[in-house]
Amino acid sequence: MSSGADHVVPDNLLVVERASFSYLERFQALDDVSFAVRRGEKVALLGANGCGKSTLLKLLDGLVFPDSGTYTAFGALVTEDSLEDEQFSRAFRSRVGFVFQNSDAQVFSPTVREEIAFGPLNMGLARDEVVGRVADTLAMLDIEELADRAPFQLSGGQKKRVAIASVLVMNPEVLIFDEPTAALDPRTQQWLTELIVELNRAGKTIIIATHDLASLERLADRCVVFDEQHRIVADGTPAEILANTDLLLAVNLIHAHSHVHLIEDPDGQLREVMHTHNHAEGHHTV
Amino acid sequence: MSTPAWLTQPQIGLCPCGCIGTRKKANFVDSTITGSAVLLRRAMFADDVSSGGGLLQRIDARVKVLTLVALLIATSLVHHVPVLVAVYLATLPLAVASQLSLGFFVKRVWLFIPIFTGVIVLPATFSFITGGDIVVPLGHWFGHRVGLTSQGLHSAALIITRVATSISLVVLLTLTTPWSRLLAALRALHVPKIFVQVAGMAYRYLFHLLDSVTDMYTARKSRTVGTSSNTREGRAFVGATAGALFGKAHALSDEVYSAMIARGYTGQARALDGFRVRGRDVLWACGCLAAIVVVIWWDRVLGR
């Protein structure tokens with residue numbers, strides 16, 4: 001495990017170097033953050049509420065820009081100015097997809113079909129290709145019956161599927177998820193976890209901000225931990241991070257009453273699951 | 001964490017002899033919650049109707065918009081009440097053929113006419129506004145006969161039938177065309193795309209903000225114990241709700257804009273419009289054109 005991240009590796013897709021950012025020049029969100037994402041990785045950003053995970057994701061998607069430090073994507077510097085270049089902007093936007101935490105913000109078109117077509121149309125794809133891609137994506141995520149529905153007629157899980165479809169249809173190389181499993185029912189959480197694993201197997205680079213320590217080993221093969229002072233304090237494998245109880249306690253990711261339980265996967269493998277309950281209650285370790 | 005003593009005290013129990021307290025009428029909180037639900041139900045109903053398989057639902061949205069706008073223009077050029085009544089009556093079988101309930105369709109049109117048009121045209125029927133032959137005398141005022149004039153009544157009838165016919169045509173269009181298709185048709189007819197996009201997003205987020213309002217009002221209702229006055233406290237709550245909603249809408253608009261930028265939006269509205277004009281669309285357009293010619297001709301025959 002190392003503090004911060006080692007970068008300037010040729011295979012690095014996204015590199016953030018010494019980036020700091022504050023909202024309204026007052027509320028610090030990132031403090032001297034250096035971070036790199038390699039091709040094909042599944043990276044989880046971990047940290048307490050308000051530690052800067054979502055801001056870093058926005059920075060990686062070129063939605064906010066560092067007050068100091070740099071951000072390089074696919075070997076090119078990403079700045080407000082460079083994203084005003086139409087060709088660069090189109091290339092960057094089509095290679096990095098962002099699934100927002102709030103699906104209501106992401107699903108803004110009158111119908112699901114138009115929502116999914118929004119990205120490819122803005123990429124300048126031909127109408128027939130857009131129609132084909134939309135149909136394929138609807139089928140892939142099993143939401144064909146929702147195609148002509150209005151967003152207000154969708155449940156939370158359905159909106160999340162539509163939001164993911166609207167990003168996947170652009171075939172991005174890097175997929176960024178902000179708290180993807182938050183406020184979803186267990187079945188949808190499971191579906192989403194499997195989808196993320198599947199997309200990674202298909203060659204997509206995945207970056208996730210999450211609190212979901214229980215699914216961490218499946219969702220990520222590398223974890224980057226933020227402390228509450230908006231700095232990266234650890235970078236390692238899920239097993240290394242989960243084993244470091246002092247670190248998790250210090251960054252407010254677990255409570256003193258949290259325990260690691262072993263549960264059995266459907267394939268018979270035992271895996272560790274972080275679990276919190278009151279000391280007054282009894283508990284059983286499987 | 002230490003628990004304050006009052007938090008562990010039991011609350012007043014329910015009276016074992018049943019509900020004997022004073023009852024109050026629904027206040028503005030209940031009315032708002034009910035109103036939100038009604039609006040949502042209406043939107044769902046309109047969506048179901050517009051997706052049905054009736055006559056007008058099967059017509060291409062662009063053709064429908066163009067033909068109904070042409071009919072609206074023709075209606076505004078007509079100067080004879082019988083012609084307007086005939087056009088209005090013709091909308092009734094169209095509504096039935098489009099699987100709209102006749103009672104609902106008629107009510108939807110005539111509910112607002114007395115409120116809006118009636119109030120405007122009523123003064124014009126009096127002799128002191130529109131001079132002419134008094135057919136309904138109402139008495140004398142400063143030595144002059146006062147009453148309803150035939151000219152005033154004719155003008156009022158003309159305006160009311162014209163408004164009723166126009167509203168019927170608009171209701172036919174909006175109830176038989178899904179909102180998304182209507183927007184797409186407007187885009188196809190070269191209404192500025194940015195205007196159509198803003199209208200579409202406004203409609204979409206109306207329901208989201210409606211949910212927020214309902215949540216806020218429901219939260220208040222759940223914490224209201226006993227009767228609450230509808231005056232000062234109520235006004236303060238409504239003001240606070242409006243402020244909170246404004247803040248939410250602002251934050252949401254920032255987030256929506258980010259989501260648009262993230263998917264390559266550069267300020268140019270683009271849309272996926274798939275329209276196909278079929279035989280029945282051509283037939284419908286020809287029928288409407290013939291109806292317009294007949295209406296204009298009949299109006300000319302009757303003279304000015």
# chains A, B, ... in the order shown; residues from 1 in each chain; ligands from 1

call {"tool": "interface_residues", "arguments": {"of": "chain B", "to": "chain A", "cutoff": "8 Å", "atoms": "only C-alpha atoms", "output": "PyMOL selection string"}}
result
chain B and resi 179-180+200-201+203-205+207-208+252-253+255-256+258-266+270-272

call {"tool": "write_last_selection", "arguments": {"atoms": "N, CA and C atoms", "output": "short mmCIF file (atom, residue, chain, number, x, y, z; two decimals), in the first residue's frame"}}
result
data_model
loop_
_atom_site.label_atom_id
_atom_site.label_comp_id
_atom_site.auth_asym_id
_atom_site.auth_seq_id
_atom_site.Cartn_x
_atom_site.Cartn_y
_atom_site.Cartn_z
N TRP B 179 -47.09 13.84 -25.42
CA TRP B 179 -46.33 15.09 -25.28
C TRP B 179 -45.01 15.03 -26.05
N SER B 180 -44.34 13.88 -25.97
CA SER B 180 -43.03 13.76 -26.63
C SER B 180 -43.18 13.85 -28.14
N GLY B 200 -39.79 20.85 -23.23
CA GLY B 200 -39.75 19.43 -22.86
C GLY B 200 -39.17 19.23 -21.48
N MET B 201 -38.08 19.93 -21.19
CA MET B 201 -37.45 19.77 -19.88
C MET B 201 -38.31 20.38 -18.78
N TYR B 203 -41.53 20.50 -18.72
CA TYR B 203 -42.61 19.54 -18.46
C TYR B 203 -42.09 18.36 -17.63
N ARG B 204 -40.88 17.88 -18.01
CA ARG B 204 -40.31 16.72 -17.31
C ARG B 204 -40.05 17.05 -15.83
N TYR B 205 -39.48 18.23 -15.58
CA TYR B 205 -39.10 18.55 -14.19
C TYR B 205 -40.26 19.10 -13.37
N PHE B 207 -42.86 17.50 -12.84
CA PHE B 207 -43.29 16.37 -12.02
C PHE B 207 -42.30 16.09 -10.90
N HIS B 208 -41.03 16.31 -11.18
CA HIS B 208 -40.01 16.10 -10.16
C HIS B 208 -40.20 17.11 -9.02
N LEU B 252 -30.74 21.64 -8.97
CA LEU B 252 -31.04 20.61 -9.95
C LEU B 252 -30.66 21.07 -11.36
N SER B 253 -30.93 22.34 -11.65
CA SER B 253 -30.62 22.84 -13.00
C SER B 253 -29.11 22.79 -13.25
N GLU B 255 -27.08 20.60 -11.93
CA GLU B 255 -26.73 19.19 -12.09
C GLU B 255 -27.16 18.68 -13.47
N VAL B 256 -28.35 19.09 -13.90
CA VAL B 256 -28.85 18.67 -15.21
C VAL B 256 -27.92 19.19 -16.31
N SER B 258 -24.77 19.87 -16.03
CA SER B 258 -23.54 19.06 -15.99
C SER B 258 -23.76 17.73 -16.71
N ALA B 259 -24.93 17.10 -16.45
CA ALA B 259 -25.23 15.82 -17.08
C ALA B 259 -25.31 15.96 -18.60
N MET B 260 -25.80 17.10 -19.06
CA MET B 260 -25.90 17.34 -20.51
C MET B 260 -24.50 17.54 -21.10
N ILE B 261 -23.69 18.35 -20.41
CA ILE B 261 -22.32 18.61 -20.87
C ILE B 261 -21.54 17.29 -20.94
N ALA B 262 -21.74 16.45 -19.89
CA ALA B 262 -21.00 15.18 -19.82
C ALA B 262 -21.32 14.28 -21.01
N ARG B 263 -22.46 14.50 -21.65
CA ARG B 263 -22.80 13.66 -22.79
C ARG B 263 -22.68 14.44 -24.11
N GLY B 264 -21.79 15.43 -24.08
CA GLY B 264 -21.40 16.08 -25.33
C GLY B 264 -22.25 17.26 -25.76
N TYR B 265 -23.14 17.75 -24.89
CA TYR B 265 -23.98 18.89 -25.28
C TYR B 265 -23.12 20.14 -25.41
N THR B 266 -23.28 20.82 -26.53
CA THR B 266 -22.48 22.04 -26.72
C THR B 266 -23.38 23.26 -26.97
N ARG B 270 -30.28 18.66 -30.36
CA ARG B 270 -30.44 17.64 -31.40
C ARG B 270 -31.47 16.64 -30.90
N ALA B 271 -32.24 16.08 -31.83
CA ALA B 271 -33.28 15.15 -31.38
C ALA B 271 -33.45 14.03 -32.38
N LEU B 272 -33.97 12.93 -31.86
CA LEU B 272 -34.19 11.74 -32.68
C LEU B 272 -35.65 11.74 -33.12
#

call {"tool": "select_by_dssp", "arguments": {"residues": "segment 35-265 of chain A", "states": "strand (DSSP E)", "output": "ChimeraX atom specification"}}
result
/A:35-38,42-46,68-73,76-77,96-99,174-178,205-210,222-226,232-236,258-264

call {"tool": "write_last_selection", "arguments": {"atoms": "C-alpha atoms", "output": "compact mmCIF listing (two decimals), in the first residue's frame"}}
result
# COMPACT_ATOMS: atom_id res chain seq x y z
CA PHE A 35 -4.18 10.11 -8.70
CA ALA A 36 -3.84 8.00 -11.82
CA VAL A 37 -6.10 5.45 -13.46
CA ARG A 38 -4.63 2.71 -15.61
CA LYS A 42 -11.65 -1.05 -11.51
CA VAL A 43 -10.90 1.73 -9.06
CA ALA A 44 -13.06 2.54 -6.03
CA LEU A 45 -12.84 5.94 -4.34
CA LEU A 46 -13.64 5.53 -0.66
CA SER A 68 -4.17 24.37 -8.90
CA GLY A 69 -2.57 21.23 -10.32
CA THR A 70 -3.33 19.49 -13.63
CA TYR A 71 -5.54 16.86 -15.13
CA THR A 72 -4.40 14.85 -18.15
CA ALA A 73 -6.68 12.42 -20.00
CA ALA A 76 -3.83 15.47 -23.34
CA LEU A 77 -4.21 18.22 -20.78
CA VAL A 96 -15.41 9.19 -20.63
CA GLY A 97 -18.94 8.42 -19.44
CA PHE A 98 -20.34 9.60 -16.11
CA VAL A 99 -23.30 8.00 -14.31
CA VAL A 174 -13.85 4.96 -19.06
CA LEU A 175 -17.02 4.65 -17.00
CA ILE A 176 -17.41 6.77 -13.87
CA PHE A 177 -20.10 5.87 -11.33
CA ASP A 178 -20.98 8.14 -8.42
CA THR A 205 -12.04 1.11 -17.19
CA ILE A 206 -14.26 1.65 -14.16
CA ILE A 207 -14.06 4.37 -11.50
CA ILE A 208 -16.58 4.23 -8.66
CA ALA A 209 -17.21 6.41 -5.65
CA THR A 210 -18.82 4.23 -3.01
CA ARG A 222 -7.95 -1.07 -6.40
CA CYS A 223 -9.14 1.33 -3.69
CA VAL A 224 -8.19 4.93 -3.16
CA VAL A 225 -9.09 6.30 0.27
CA PHE A 226 -9.83 9.93 1.11
CA ILE A 232 -5.81 10.82 -0.57
CA VAL A 233 -4.35 8.85 2.31
CA ALA A 234 -4.19 5.32 0.96
CA ASP A 235 -4.12 3.37 -2.28
CA GLY A 236 -4.23 -0.41 -2.35
CA SER A 258 -18.15 -2.53 12.92
CA HIS A 259 -17.06 -6.14 12.44
CA VAL A 260 -15.89 -8.23 9.57
CA HIS A 261 -18.11 -11.23 8.89
CA LEU A 262 -17.37 -14.10 6.59
CA ILE A 263 -20.17 -15.03 4.25
CA GLU A 264 -20.39 -17.69 1.61

call {"tool": "select_by_dssp", "arguments": {"residues": "segment 38-284 of chain A", "states": "alpha helix (DSSP H)", "output": "count of residues only"}}
result
93

call {"tool": "residues_around", "arguments": {"residues": "Leu219 of chain A", "least_positions_apart": "3", "cutoff": "8 Å", "atoms": "only C-alpha atoms", "output": "list in words"}}
result
Lys42, Ala44, Thr193, Ile196, Val197, Ser215 and Leu216 of chain A

call {"tool": "atom_distance", "arguments": {"atom1": "atom CA of Ile134 of chain B", "atom2": "atom CA of Ser150 of chain B"}}
result
6.3 Å

call {"tool": "residues_around", "arguments": {"residues": "Pro114 of chain B", "least_positions_apart": "5", "cutoff": "12 Å", "atoms": "only C-alpha atoms", "output": "PyMOL selection string"}}
result
chain B and resi 107-109+119-122+156-157+159-161+163-164
